[in-house]
file upload-v5.pdb (PDB, C-alpha atoms)
MODEL        1
ATOM      1  CA  MET A   1     -22.929  32.770   3.658
ATOM      2  CA  LEU A   2     -20.828  29.625   3.224
ATOM      3  CA  ASP A   3     -21.083  27.173   6.114
ATOM      4  CA  ARG A   4     -19.487  23.822   6.839
ATOM      5  CA  ILE A   5     -22.766  22.024   6.107
ATOM      6  CA  HIS A   6     -22.692  23.338   2.526
ATOM      7  CA  LEU A   7     -19.244  21.816   1.983
ATOM      8  CA  SER A   8     -20.387  18.549   3.545
ATOM      9  CA  ILE A   9     -23.456  18.427   1.328
ATOM     10  CA  VAL A  10     -21.481  18.985  -1.886
ATOM     11  CA  GLN A  11     -18.930  16.356  -0.853
ATOM     12  CA  GLU A  12     -21.517  13.746   0.142
ATOM     13  CA  VAL A  13     -23.700  14.258  -2.942
ATOM     14  CA  GLU A  14     -20.596  13.644  -5.055
ATOM     15  CA  LYS A  15     -19.706  10.536  -3.008
ATOM     16  CA  GLN A  16     -23.205   9.071  -2.712
ATOM     17  CA  GLY A  17     -24.539  10.039  -6.125
ATOM     18  CA  SER A  18     -27.849  11.606  -5.051
ATOM     19  CA  LEU A  19     -29.417  14.131  -2.698
ATOM     20  CA  THR A  20     -31.424  11.375  -1.008
ATOM     21  CA  ALA A  21     -28.380   9.261  -0.182
ATOM     22  CA  ALA A  22     -26.413  12.305   0.953
ATOM     23  CA  ALA A  23     -29.246  13.396   3.238
ATOM     24  CA  THR A  24     -29.252   9.947   4.861
ATOM     25  CA  VAL A  25     -25.507  10.081   5.548
ATOM     26  CA  LEU A  26     -25.722  13.617   6.928
ATOM     27  CA  HIS A  27     -28.808  12.774   9.044
ATOM     28  CA  VAL A  28     -30.984  15.511   7.561
ATOM     29  CA  THR A  29     -34.130  15.365   5.463
ATOM     30  CA  GLN A  30     -33.815  15.682   1.710
ATOM     31  CA  SER A  31     -36.068  18.744   1.737
ATOM     32  CA  ALA A  32     -33.866  20.461   4.329
ATOM     33  CA  LEU A  33     -30.764  19.637   2.296
ATOM     34  CA  SER A  34     -32.340  20.941  -0.929
ATOM     35  CA  HIS A  35     -33.552  24.099   0.789
ATOM     36  CA  SER A  36     -30.103  24.796   2.247
ATOM     37  CA  MET A  37     -28.360  24.486  -1.112
ATOM     38  CA  LYS A  38     -31.048  26.438  -2.960
ATOM     39  CA  LYS A  39     -30.642  29.298  -0.512
ATOM     40  CA  LEU A  40     -26.850  29.197  -0.982
ATOM     41  CA  GLU A  41     -27.224  29.284  -4.776
ATOM     42  CA  GLN A  42     -29.471  32.349  -4.460
ATOM     43  CA  GLN A  43     -26.954  34.084  -2.188
ATOM     44  CA  LEU A  44     -24.047  33.235  -4.474
ATOM     45  CA  GLY A  45     -25.942  34.095  -7.630
ATOM     46  CA  THR A  46     -24.826  30.906  -9.385
ATOM     47  CA  ASP A  47     -25.899  27.270  -9.638
ATOM     48  CA  ILE A  48     -23.994  24.515  -7.857
ATOM     49  CA  TRP A  49     -25.595  21.667  -9.825
ATOM     50  CA  LEU A  50     -27.321  21.198 -13.135
ATOM     51  CA  ARG A  51     -30.065  18.571 -13.313
ATOM     52  CA  GLU A  52     -29.742  15.967 -16.054
ATOM     53  CA  GLY A  53     -32.783  13.747 -15.720
ATOM     54  CA  ARG A  54     -32.577  12.219 -12.245
ATOM     55  CA  SER A  55     -28.879  12.912 -11.849
ATOM     56  CA  LEU A  56     -26.987  16.038 -10.797
ATOM     57  CA  ARG A  57     -23.896  17.403 -12.511
ATOM     58  CA  LEU A  58     -21.660  19.916 -10.768
ATOM     59  CA  THR A  59     -21.249  23.260 -12.490
ATOM     60  CA  GLN A  60     -17.869  24.985 -12.651
ATOM     61  CA  ALA A  61     -18.767  26.740  -9.390
ATOM     62  CA  GLY A  62     -19.803  23.402  -7.907
ATOM     63  CA  GLN A  63     -16.530  21.760  -8.932
ATOM     64  CA  TYR A  64     -14.624  24.546  -7.237
ATOM     65  CA  LEU A  65     -16.745  24.187  -4.096
ATOM     66  CA  LEU A  66     -16.060  20.436  -4.089
ATOM     67  CA  SER A  67     -12.301  21.036  -4.265
ATOM     68  CA  VAL A  68     -12.600  23.439  -1.322
ATOM     69  CA  ALA A  69     -14.602  20.845   0.626
ATOM     70  CA  ASN A  70     -11.991  18.147  -0.026
ATOM     71  CA  ARG A  71      -9.258  20.430   1.318
ATOM     72  CA  VAL A  72     -11.036  22.153   4.194
ATOM     73  CA  LEU A  73     -13.200  19.441   5.774
ATOM     74  CA  PRO A  74     -10.273  17.152   6.749
ATOM     75  CA  GLN A  75      -8.529  20.148   8.335
ATOM     76  CA  LEU A  76     -11.631  21.065  10.326
ATOM     77  CA  SER A  77     -12.031  17.460  11.502
ATOM     78  CA  LEU A  78      -8.384  17.349  12.558
ATOM     79  CA  ALA A  79      -8.703  20.677  14.391
ATOM     80  CA  GLU A  80     -11.737  19.421  16.312
ATOM     81  CA  GLU A  81      -9.969  16.164  17.165
ATOM     82  CA  ARG A  82      -6.849  17.978  18.393
ATOM     83  CA  LEU A  83      -8.852  20.470  20.472
ATOM     84  CA  GLN A  84     -10.786  17.625  22.107
ATOM     85  CA  GLN A  85      -7.488  15.942  22.922
ATOM     86  CA  PHE A  86      -6.146  19.143  24.463
ATOM     87  CA  ALA A  87      -9.317  19.490  26.518
ATOM     88  CA  GLN A  88      -8.861  15.939  27.806
ATOM     89  CA  GLY A  89      -5.187  16.462  28.580
ATOM     90  CA  GLU A  90      -4.044  14.208  25.734
ATOM     91  CA  ARG A  91      -1.075  14.860  23.471
ATOM     92  CA  GLY A  92      -2.654  13.948  20.115
ATOM     93  CA  THR A  93      -2.687  11.363  17.326
ATOM     94  CA  LEU A  94       0.147  10.635  14.912
ATOM     95  CA  ARG A  95      -1.397   9.432  11.663
ATOM     96  CA  ILE A  96       1.203   7.653   9.548
ATOM     97  CA  GLY A  97       0.743   7.119   5.826
ATOM     98  CA  MET A  98       2.571   4.282   4.064
ATOM     99  CA  GLU A  99       3.785   4.462   0.468
ATOM    100  CA  CYS A 100       6.310   1.697   1.148
ATOM    101  CA  HIS A 101       4.604  -1.700   1.210
ATOM    102  CA  PRO A 102       7.557  -3.691   2.575
ATOM    103  CA  CYS A 103       8.202  -1.166   5.370
ATOM    104  CA  TYR A 104       5.635  -2.519   7.831
ATOM    105  CA  GLN A 105       8.149  -4.767   9.593
ATOM    106  CA  TRP A 106      10.512  -1.802   9.887
ATOM    107  CA  LEU A 107       7.701   0.421  11.136
ATOM    108  CA  LEU A 108       6.739  -2.033  13.877
ATOM    109  CA  LYS A 109      10.264  -1.828  15.289
ATOM    110  CA  ILE A 110       9.763   1.926  15.783
ATOM    111  CA  VAL A 111       6.130   1.983  16.877
ATOM    112  CA  SER A 112       6.600  -0.309  19.872
ATOM    113  CA  PRO A 113       9.246   1.804  21.682
ATOM    114  CA  TYR A 114       7.553   4.989  20.483
ATOM    115  CA  LEU A 115       4.242   4.054  22.141
ATOM    116  CA  THR A 116       6.145   3.299  25.348
ATOM    117  CA  ALA A 117       7.891   6.670  25.241
ATOM    118  CA  TRP A 118       4.717   8.594  24.353
ATOM    119  CA  PRO A 119       1.805   6.967  26.239
ATOM    120  CA  ASP A 120      -0.494   9.927  25.581
ATOM    121  CA  VAL A 121      -0.048   9.772  21.774
ATOM    122  CA  GLU A 122      -2.195   7.521  19.608
ATOM    123  CA  VAL A 123      -0.722   6.024  16.422
ATOM    124  CA  ASP A 124      -2.825   5.287  13.356
ATOM    125  CA  VAL A 125      -1.386   3.762  10.160
ATOM    126  CA  LYS A 126      -3.037   4.404   6.801
ATOM    127  CA  GLN A 127      -2.126   2.952   3.435
ATOM    128  CA  LYS A 128      -4.736   4.151   0.968
ATOM    129  CA  PHE A 129      -5.392   7.830   0.415
ATOM    130  CA  GLN A 130      -8.012   9.676  -1.594
ATOM    131  CA  PHE A 131      -5.432  11.987  -3.167
ATOM    132  CA  GLY A 132      -2.212   9.994  -2.854
ATOM    133  CA  GLY A 133       0.391  10.308  -0.122
ATOM    134  CA  ILE A 134       1.464  13.878  -0.887
ATOM    135  CA  GLY A 135      -2.163  14.954  -1.202
ATOM    136  CA  ALA A 136      -2.945  13.228   2.083
ATOM    137  CA  LEU A 137      -0.256  15.303   3.813
ATOM    138  CA  PHE A 138      -1.505  18.540   2.286
ATOM    139  CA  GLY A 139      -5.109  17.513   2.998
ATOM    140  CA  TYR A 140      -4.405  16.728   6.675
ATOM    141  CA  GLU A 141      -5.481  13.110   6.248
ATOM    142  CA  ILE A 142      -2.107  12.023   7.640
ATOM    143  CA  ASP A 143       0.660  13.704   9.660
ATOM    144  CA  LEU A 144       3.683  11.718   8.489
ATOM    145  CA  LEU A 145       4.379   9.913   5.213
ATOM    146  CA  VAL A 146       6.736   6.938   4.816
ATOM    147  CA  THR A 147       7.877   6.963   1.190
ATOM    148  CA  PRO A 148      10.840   6.019  -1.045
ATOM    149  CA  ASP A 149       9.785   8.732  -3.520
ATOM    150  CA  PRO A 150       9.806  12.208  -1.928
ATOM    151  CA  LEU A 151       8.619  15.259  -3.857
ATOM    152  CA  ASN A 152      10.062  18.728  -3.384
ATOM    153  CA  LYS A 153       6.903  20.677  -2.546
ATOM    154  CA  PRO A 154       6.632  24.012  -0.686
ATOM    155  CA  GLY A 155       5.199  23.419   2.765
ATOM    156  CA  LEU A 156       6.559  19.861   3.096
ATOM    157  CA  ILE A 157       9.777  18.511   4.575
ATOM    158  CA  PHE A 158      11.247  15.087   3.735
ATOM    159  CA  GLU A 159      13.988  13.628   5.910
ATOM    160  CA  PRO A 160      15.983  10.522   4.880
ATOM    161  CA  VAL A 161      15.931   7.897   7.634
ATOM    162  CA  PHE A 162      17.698   4.919   6.075
ATOM    163  CA  ASP A 163      19.118   3.670   2.805
ATOM    164  CA  TYR A 164      18.774   0.205   1.361
ATOM    165  CA  GLU A 165      19.425  -1.877  -1.736
ATOM    166  CA  GLN A 166      16.592  -3.138  -3.916
ATOM    167  CA  VAL A 167      17.358  -6.735  -4.951
ATOM    168  CA  LEU A 168      15.783  -9.550  -6.917
ATOM    169  CA  VAL A 169      14.429 -12.378  -4.748
ATOM    170  CA  VAL A 170      14.500 -15.879  -6.206
ATOM    171  CA  ALA A 171      14.151 -19.422  -4.903
ATOM    172  CA  ALA A 172      17.443 -20.887  -3.680
ATOM    173  CA  ASP A 173      17.359 -23.461  -6.502
ATOM    174  CA  HIS A 174      16.389 -20.931  -9.194
ATOM    175  CA  ARG A 175      18.612 -20.668 -12.289
ATOM    176  CA  LEU A 176      19.543 -17.078 -11.295
ATOM    177  CA  ALA A 177      20.286 -17.825  -7.631
ATOM    178  CA  LYS A 178      24.055 -18.232  -8.077
ATOM    179  CA  LYS A 179      24.527 -15.137 -10.247
ATOM    180  CA  GLU A 180      26.595 -12.239  -8.889
ATOM    181  CA  PHE A 181      24.090  -9.881 -10.523
ATOM    182  CA  ILE A 182      21.405 -10.113 -13.176
ATOM    183  CA  THR A 183      20.651  -8.098 -16.295
ATOM    184  CA  PRO A 184      17.187  -6.913 -17.382
ATOM    185  CA  LYS A 185      17.169  -9.379 -20.305
ATOM    186  CA  GLU A 186      17.367 -12.307 -17.867
ATOM    187  CA  LEU A 187      13.856 -11.471 -16.607
ATOM    188  CA  THR A 188      12.129 -11.820 -19.982
ATOM    189  CA  ASN A 189      11.032 -15.376 -19.157
ATOM    190  CA  GLU A 190      10.143 -14.729 -15.515
ATOM    191  CA  VAL A 191       6.846 -14.127 -13.708
ATOM    192  CA  LEU A 192       7.400 -10.904 -11.727
ATOM    193  CA  VAL A 193       5.459 -10.759  -8.462
ATOM    194  CA  THR A 194       4.958  -7.253  -7.022
ATOM    195  CA  TYR A 195       2.756  -5.291  -4.681
ATOM    196  CA  PRO A 196      -0.398  -3.875  -6.303
ATOM    197  CA  VAL A 197       1.227  -0.554  -7.212
ATOM    198  CA  PRO A 198       1.108   1.224 -10.611
ATOM    199  CA  VAL A 199       3.955  -0.036 -12.799
ATOM    200  CA  GLU A 200       5.462   3.448 -13.127
ATOM    201  CA  ARG A 201       5.967   3.534  -9.348
ATOM    202  CA  LEU A 202       7.739   0.180  -9.129
ATOM    203  CA  ASP A 203      11.532   0.558  -8.973
ATOM    204  CA  ILE A 204      12.094  -2.760 -10.727
ATOM    205  CA  TYR A 205      10.383  -1.217 -13.776
ATOM    206  CA  SER A 206      11.387   2.464 -13.585
ATOM    207  CA  MET A 207      15.048   1.869 -12.622
ATOM    208  CA  PHE A 208      15.797  -1.470 -14.273
ATOM    209  CA  LEU A 209      13.426  -2.953 -16.852
ATOM    210  CA  THR A 210      11.869   0.056 -18.593
ATOM    211  CA  PRO A 211      15.158   1.891 -19.370
ATOM    212  CA  ALA A 212      16.338  -1.341 -21.031
ATOM    213  CA  GLY A 213      13.104  -1.743 -22.984
ATOM    214  CA  ILE A 214      12.430  -5.092 -21.286
ATOM    215  CA  THR A 215       9.210  -6.558 -19.881
ATOM    216  CA  PRO A 216       8.896  -9.786 -17.883
ATOM    217  CA  LYS A 217       6.965 -12.795 -19.132
ATOM    218  CA  SER A 218       4.056 -11.758 -16.887
ATOM    219  CA  HIS A 219       3.333  -9.501 -13.933
ATOM    220  CA  LYS A 220       1.376 -10.739 -10.913
ATOM    221  CA  PRO A 221       0.287  -8.251  -8.190
ATOM    222  CA  ILE A 222      -0.091  -9.620  -4.625
ATOM    223  CA  GLU A 223      -1.005  -7.656  -1.495
ATOM    224  CA  THR A 224       1.144  -9.163   1.257
ATOM    225  CA  THR A 225       4.875  -9.691   1.674
ATOM    226  CA  ASP A 226       4.505 -13.193   3.128
ATOM    227  CA  ILE A 227       2.482 -14.443   0.157
ATOM    228  CA  ILE A 228       4.879 -12.819  -2.319
ATOM    229  CA  LEU A 229       7.801 -14.635  -0.721
ATOM    230  CA  GLN A 230       5.868 -17.919  -0.555
ATOM    231  CA  MET A 231       5.292 -17.623  -4.298
ATOM    232  CA  VAL A 232       8.994 -16.975  -4.868
ATOM    233  CA  ALA A 233      10.104 -19.820  -2.581
ATOM    234  CA  SER A 234       7.849 -22.264  -4.435
ATOM    235  CA  GLY A 235       9.377 -21.292  -7.783
ATOM    236  CA  ARG A 236       6.265 -19.554  -9.084
ATOM    237  CA  GLY A 237       7.901 -16.193  -9.702
ATOM    238  CA  VAL A 238      10.561 -13.693  -8.717
ATOM    239  CA  ALA A 239      10.194 -10.409  -6.847
ATOM    240  CA  ALA A 240      12.090  -7.173  -6.164
ATOM    241  CA  LEU A 241      12.328  -6.221  -2.478
ATOM    242  CA  PRO A 242      14.719  -4.457  -0.080
ATOM    243  CA  ARG A 243      17.723  -6.591   0.837
ATOM    244  CA  TRP A 244      17.168  -5.989   4.568
ATOM    245  CA  LEU A 245      13.668  -7.449   4.305
ATOM    246  CA  VAL A 246      14.788 -10.488   2.305
ATOM    247  CA  LEU A 247      17.501 -11.283   4.840
ATOM    248  CA  GLU A 248      14.878 -11.418   7.591
ATOM    249  CA  TYR A 249      13.218 -14.300   5.712
ATOM    250  CA  THR A 250      16.188 -16.287   4.383
ATOM    251  CA  ASN A 251      16.360 -18.450   7.521
ATOM    252  CA  LYS A 252      12.655 -19.268   7.237
ATOM    253  CA  MET A 253      12.198 -19.633   3.481
ATOM    254  CA  ASN A 254      14.031 -21.144   0.550
ATOM    255  CA  ILE A 255      14.961 -17.770  -0.987
ATOM    256  CA  VAL A 256      18.081 -15.732  -1.795
ATOM    257  CA  PRO A 257      18.714 -12.113  -2.854
ATOM    258  CA  VAL A 258      20.509 -11.293  -6.118
ATOM    259  CA  LYS A 259      21.870  -7.883  -7.118
ATOM    260  CA  LEU A 260      19.929  -6.008  -9.824
ATOM    261  CA  GLY A 261      22.547  -4.935 -12.338
ATOM    262  CA  LYS A 262      26.289  -4.697 -11.825
ATOM    263  CA  HIS A 263      26.036  -1.657  -9.554
ATOM    264  CA  GLY A 264      22.759  -2.541  -7.844
ATOM    265  CA  ILE A 265      19.783  -0.287  -7.135
ATOM    266  CA  ALA A 266      20.274   2.064  -4.183
ATOM    267  CA  LYS A 267      17.208   3.569  -2.529
ATOM    268  CA  ASN A 268      16.291   5.650   0.530
ATOM    269  CA  ILE A 269      13.273   5.766   2.788
ATOM    270  CA  PHE A 270      12.076   9.248   3.714
ATOM    271  CA  LEU A 271       9.662  10.538   6.330
ATOM    272  CA  GLY A 272       7.611  13.473   5.081
ATOM    273  CA  ILE A 273       5.819  15.983   7.298
ATOM    274  CA  ARG A 274       4.186  19.384   6.925
ATOM    275  CA  GLU A 275       6.671  22.186   7.569
ATOM    276  CA  ALA A 276       4.241  23.681  10.079
ATOM    277  CA  ASP A 277       4.510  20.501  12.186
ATOM    278  CA  LYS A 278       8.317  20.271  12.319
ATOM    279  CA  ASP A 279       8.515  21.524  15.913
ATOM    280  CA  ILE A 280       5.776  19.298  17.354
ATOM    281  CA  ASP A 281       7.625  17.250  19.961
ATOM    282  CA  TYR A 282       5.987  13.862  19.379
ATOM    283  CA  VAL A 283       6.373  14.183  15.582
ATOM    284  CA  ARG A 284      10.058  15.068  15.936
ATOM    285  CA  SER A 285      10.533  12.172  18.355
ATOM    286  CA  PHE A 286       9.187   9.644  15.833
ATOM    287  CA  ILE A 287      11.612  10.853  13.154
ATOM    288  CA  ASP A 288      14.527  10.735  15.612
ATOM    289  CA  LYS A 289      13.647   7.173  16.654
ATOM    290  CA  ALA A 290      13.432   6.126  12.993
ATOM    291  CA  LYS A 291      16.899   7.515  12.318
ATOM    292  CA  ALA A 292      18.334   5.939  15.478
ATOM    293  CA  LEU A 293      16.960   2.524  14.521
ATOM    294  CA  GLU A 294      18.955   2.502  11.314
ATOM    295  CA  THR A 295      22.225   3.373  13.057
ATOM    296  CA  LYS A 296      22.023   0.374  15.434
TER     297      LYS A 296
ENDMDL
END
call {"tool": "encode", "arguments": {"input": "upload-v5.pdb", "output": "structure tokens"}}
result
Amino acid sequence: MLDRIHLSIVQEVEKQGSLTAAATVLHVTQSALSHSMKKLEQQLGTDIWLREGRSLRLTQAGQYLLSVANRVLPQLSLAEERLQQFAQGERGTLRIGMECHPCYQWLLKIVSPYLTAWPDVEVDVKQKFQFGGIGALFGYEIDLLVTPDPLNKPGLIFEPVFDYEQVLVVAADHRLAKKEFITPKELTNEVLVTYPVPVERLDIYSMFLTPAGITPKSHKPIETTDIILQMVASGRGVAALPRWLVLEYTNKMNIVPVKLGKHGIAKNIFLGIREADKDIDYVRSFIDKAKALETK
């Protein structure tokens, strides 16, 4: 009764906004698409959509079918991809999701030797997910998640691979550059430059400013690490980044790290995988290489 095409239709109509646009994406005629869904509604005994003028609104049954499509279709696509790889004698693809913006330099140090060690494994790095990093793992959009914020969820495993200190980065001639550590109040007149991440997920807010009831003078989101540090070096703001990353730039830029609070902010990076994948050799190898990198 329920076929893959039905799930694809519901998903594409929701994405594209109309039957006509969905039919174009799915390479079928609109009449064929309409007929297929009408037949399904008759078999199910319930409507999938309600018409409101020219637009369609999902019913409760339609909303449920959409949630099934969002979960099942990525898994089917992954299964087909893996089976094709097996048929061609290939190992597979390791799809890595990033919830740690400054971790790209660290990731590159692992990927290079990993690709050498596993020539039959492809590596794909993703940063933006439809359902967030945890949802992307559950939804089979990615196979491994790099995150500083693991969640204890049944079916997932998170392994710590290295710890680090989150520090404030300022220009070498900044008024705070010589301080042993800074307090939240000292950022009230500063422009805080961060990655474009929701405030509640930024450690500088959740672990330092917000508990003290402090906000900076202004908050400026910027996509790339290099531009963030250029802004800091030119005296146009301050930023919070891992100490290990800042030290990689201190010889190239006019910047210095300063401790956040008397005791600093300690963090860990975790690699998250599905529990069902824990014994896959090339997944295990990536985690082992990540842990070994930190110990060197």
call {"tool": "resolve_selection", "arguments": {"input": "upload-v5.pdb", "expression": "the PyMOL selection byres ((chain A and resi 264-274) around 8)", "output": "number ranges by chain"}}
result
A: 137-138, 143-150, 155-167, 181, 207, 259-263, 275-278, 287
call {"tool": "atom_distance", "arguments": {"input": "upload-v5.pdb", "atom1": "atom CA of A:Glu141", "atom2": "atom CA of A:Tyr195"}}
result
22.9 Å
call {"tool": "resolve_selection", "arguments": {"input": "upload-v5.pdb", "expression": "the PyMOL selection byres ((chain A and resi 228) around 9)", "output": "PyMOL selection string"}}
result
chain A and resi 193-195+221-227+229-233+237-239
call {"tool": "resolve_selection", "arguments": {"input": "upload-v5.pdb", "expression": "the PyMOL selection byres ((chain A and resi 35-42) around 12)", "output": "JSON, numbers by chain"}}
result
{"A": [1, 2, 3, 4, 5, 6, 7, 8, 9, 10, 13, 19, 23, 28, 29, 30, 31, 32, 33, 34, 43, 44, 45, 46, 47, 48, 49, 50, 59, 61, 62, 65]}
call {"tool": "atom_distance", "arguments": {"input": "upload-v5.pdb", "atom1": "atom CA of A:Tyr282", "atom2": "atom CA of A:Gly92"}}
result
8.7 Å
call {"tool": "atom_distance", "arguments": {"input": "upload-v5.pdb", "atom1": "atom CA of A:Glu180", "atom2": "atom CA of A:Ala240"}}
result
15.6 Å
call {"tool": "axis_aligned_box", "arguments": {"input": "upload-v5.pdb", "around": "stretch 191-202 of chain A", "padding_each_side": "3 Å", "output": "JSON"}}
result
{"center_x": 3.7, "center_y": -5.3, "center_z": -9.2, "size_x": 14.1, "size_y": 23.7, "size_z": 15.0}
call {"tool": "build_atoms", "arguments": {"input": "upload-v5.pdb", "residues": "stretch 245-261 of chain A", "atoms": "N, CA, C and O atoms", "output": "CSV table (one decimal), in the coordinates of the input"}}
result
chain,number,residue,atom,x,y,z
A,245,LEU,N,14.9,-6.7,4.1
A,245,LEU,CA,13.7,-7.4,4.3
A,245,LEU,C,13.9,-8.9,3.9
A,245,LEU,O,13.5,-9.8,4.6
A,246,VAL,N,14.5,-9.1,2.8
A,246,VAL,CA,14.8,-10.5,2.3
A,246,VAL,C,15.6,-11.3,3.3
A,246,VAL,O,15.3,-12.4,3.6
A,247,LEU,N,16.6,-10.6,3.9
A,247,LEU,CA,17.5,-11.3,4.8
A,247,LEU,C,16.8,-11.7,6.1
A,247,LEU,O,17.2,-12.7,6.8
A,248,GLU,N,15.7,-11.0,6.4
A,248,GLU,CA,14.9,-11.4,7.6
A,248,GLU,C,14.1,-12.7,7.3
A,248,GLU,O,13.7,-13.4,8.3
A,249,TYR,N,14.0,-13.1,6.1
A,249,TYR,CA,13.2,-14.3,5.7
A,249,TYR,C,14.1,-15.5,5.2
A,249,TYR,O,13.6,-16.6,5.1
A,250,THR,N,15.4,-15.2,5.0
A,250,THR,CA,16.2,-16.3,4.4
A,250,THR,C,16.4,-17.5,5.3
A,250,THR,O,16.6,-18.6,4.8
A,251,ASN,N,16.3,-17.3,6.6
A,251,ASN,CA,16.4,-18.4,7.5
A,251,ASN,C,15.1,-19.2,7.6
A,251,ASN,O,15.0,-20.4,8.1
A,252,LYS,N,14.0,-18.6,7.1
A,252,LYS,CA,12.7,-19.3,7.2
A,252,LYS,C,12.2,-19.8,5.9
A,252,LYS,O,11.3,-20.7,5.9
A,253,MET,N,12.7,-19.3,4.8
A,253,MET,CA,12.2,-19.6,3.5
A,253,MET,C,13.4,-20.0,2.6
A,253,MET,O,14.5,-19.5,2.7
A,254,ASN,N,13.0,-20.7,1.5
A,254,ASN,CA,14.0,-21.1,0.6
A,254,ASN,C,14.3,-20.1,-0.5
A,254,ASN,O,14.0,-20.2,-1.7
A,255,ILE,N,14.8,-18.9,-0.1
A,255,ILE,CA,15.0,-17.8,-1.0
A,255,ILE,C,16.3,-17.2,-0.8
A,255,ILE,O,17.0,-17.3,0.2
A,256,VAL,N,16.8,-16.4,-1.9
A,256,VAL,CA,18.1,-15.7,-1.8
A,256,VAL,C,17.9,-14.4,-2.5
A,256,VAL,O,17.2,-14.3,-3.5
A,257,PRO,N,18.7,-13.4,-2.1
A,257,PRO,CA,18.7,-12.1,-2.9
A,257,PRO,C,19.8,-12.1,-3.9
A,257,PRO,O,20.9,-12.7,-3.7
A,258,VAL,N,19.5,-11.4,-5.0
A,258,VAL,CA,20.5,-11.3,-6.1
A,258,VAL,C,20.5,-9.8,-6.5
A,258,VAL,O,19.5,-9.2,-6.7
A,259,LYS,N,21.7,-9.3,-6.8
A,259,LYS,CA,21.9,-7.9,-7.1
A,259,LYS,C,21.2,-7.6,-8.5
A,259,LYS,O,21.3,-8.4,-9.4
A,260,LEU,N,20.5,-6.4,-8.6
A,260,LEU,CA,19.9,-6.0,-9.8
A,260,LEU,C,20.9,-5.1,-10.6
A,260,LEU,O,21.1,-4.0,-10.2
A,261,GLY,N,21.6,-5.7,-11.6
A,261,GLY,CA,22.5,-4.9,-12.3
A,261,GLY,C,23.9,-4.9,-11.6
A,261,GLY,O,24.0,-5.2,-10.4
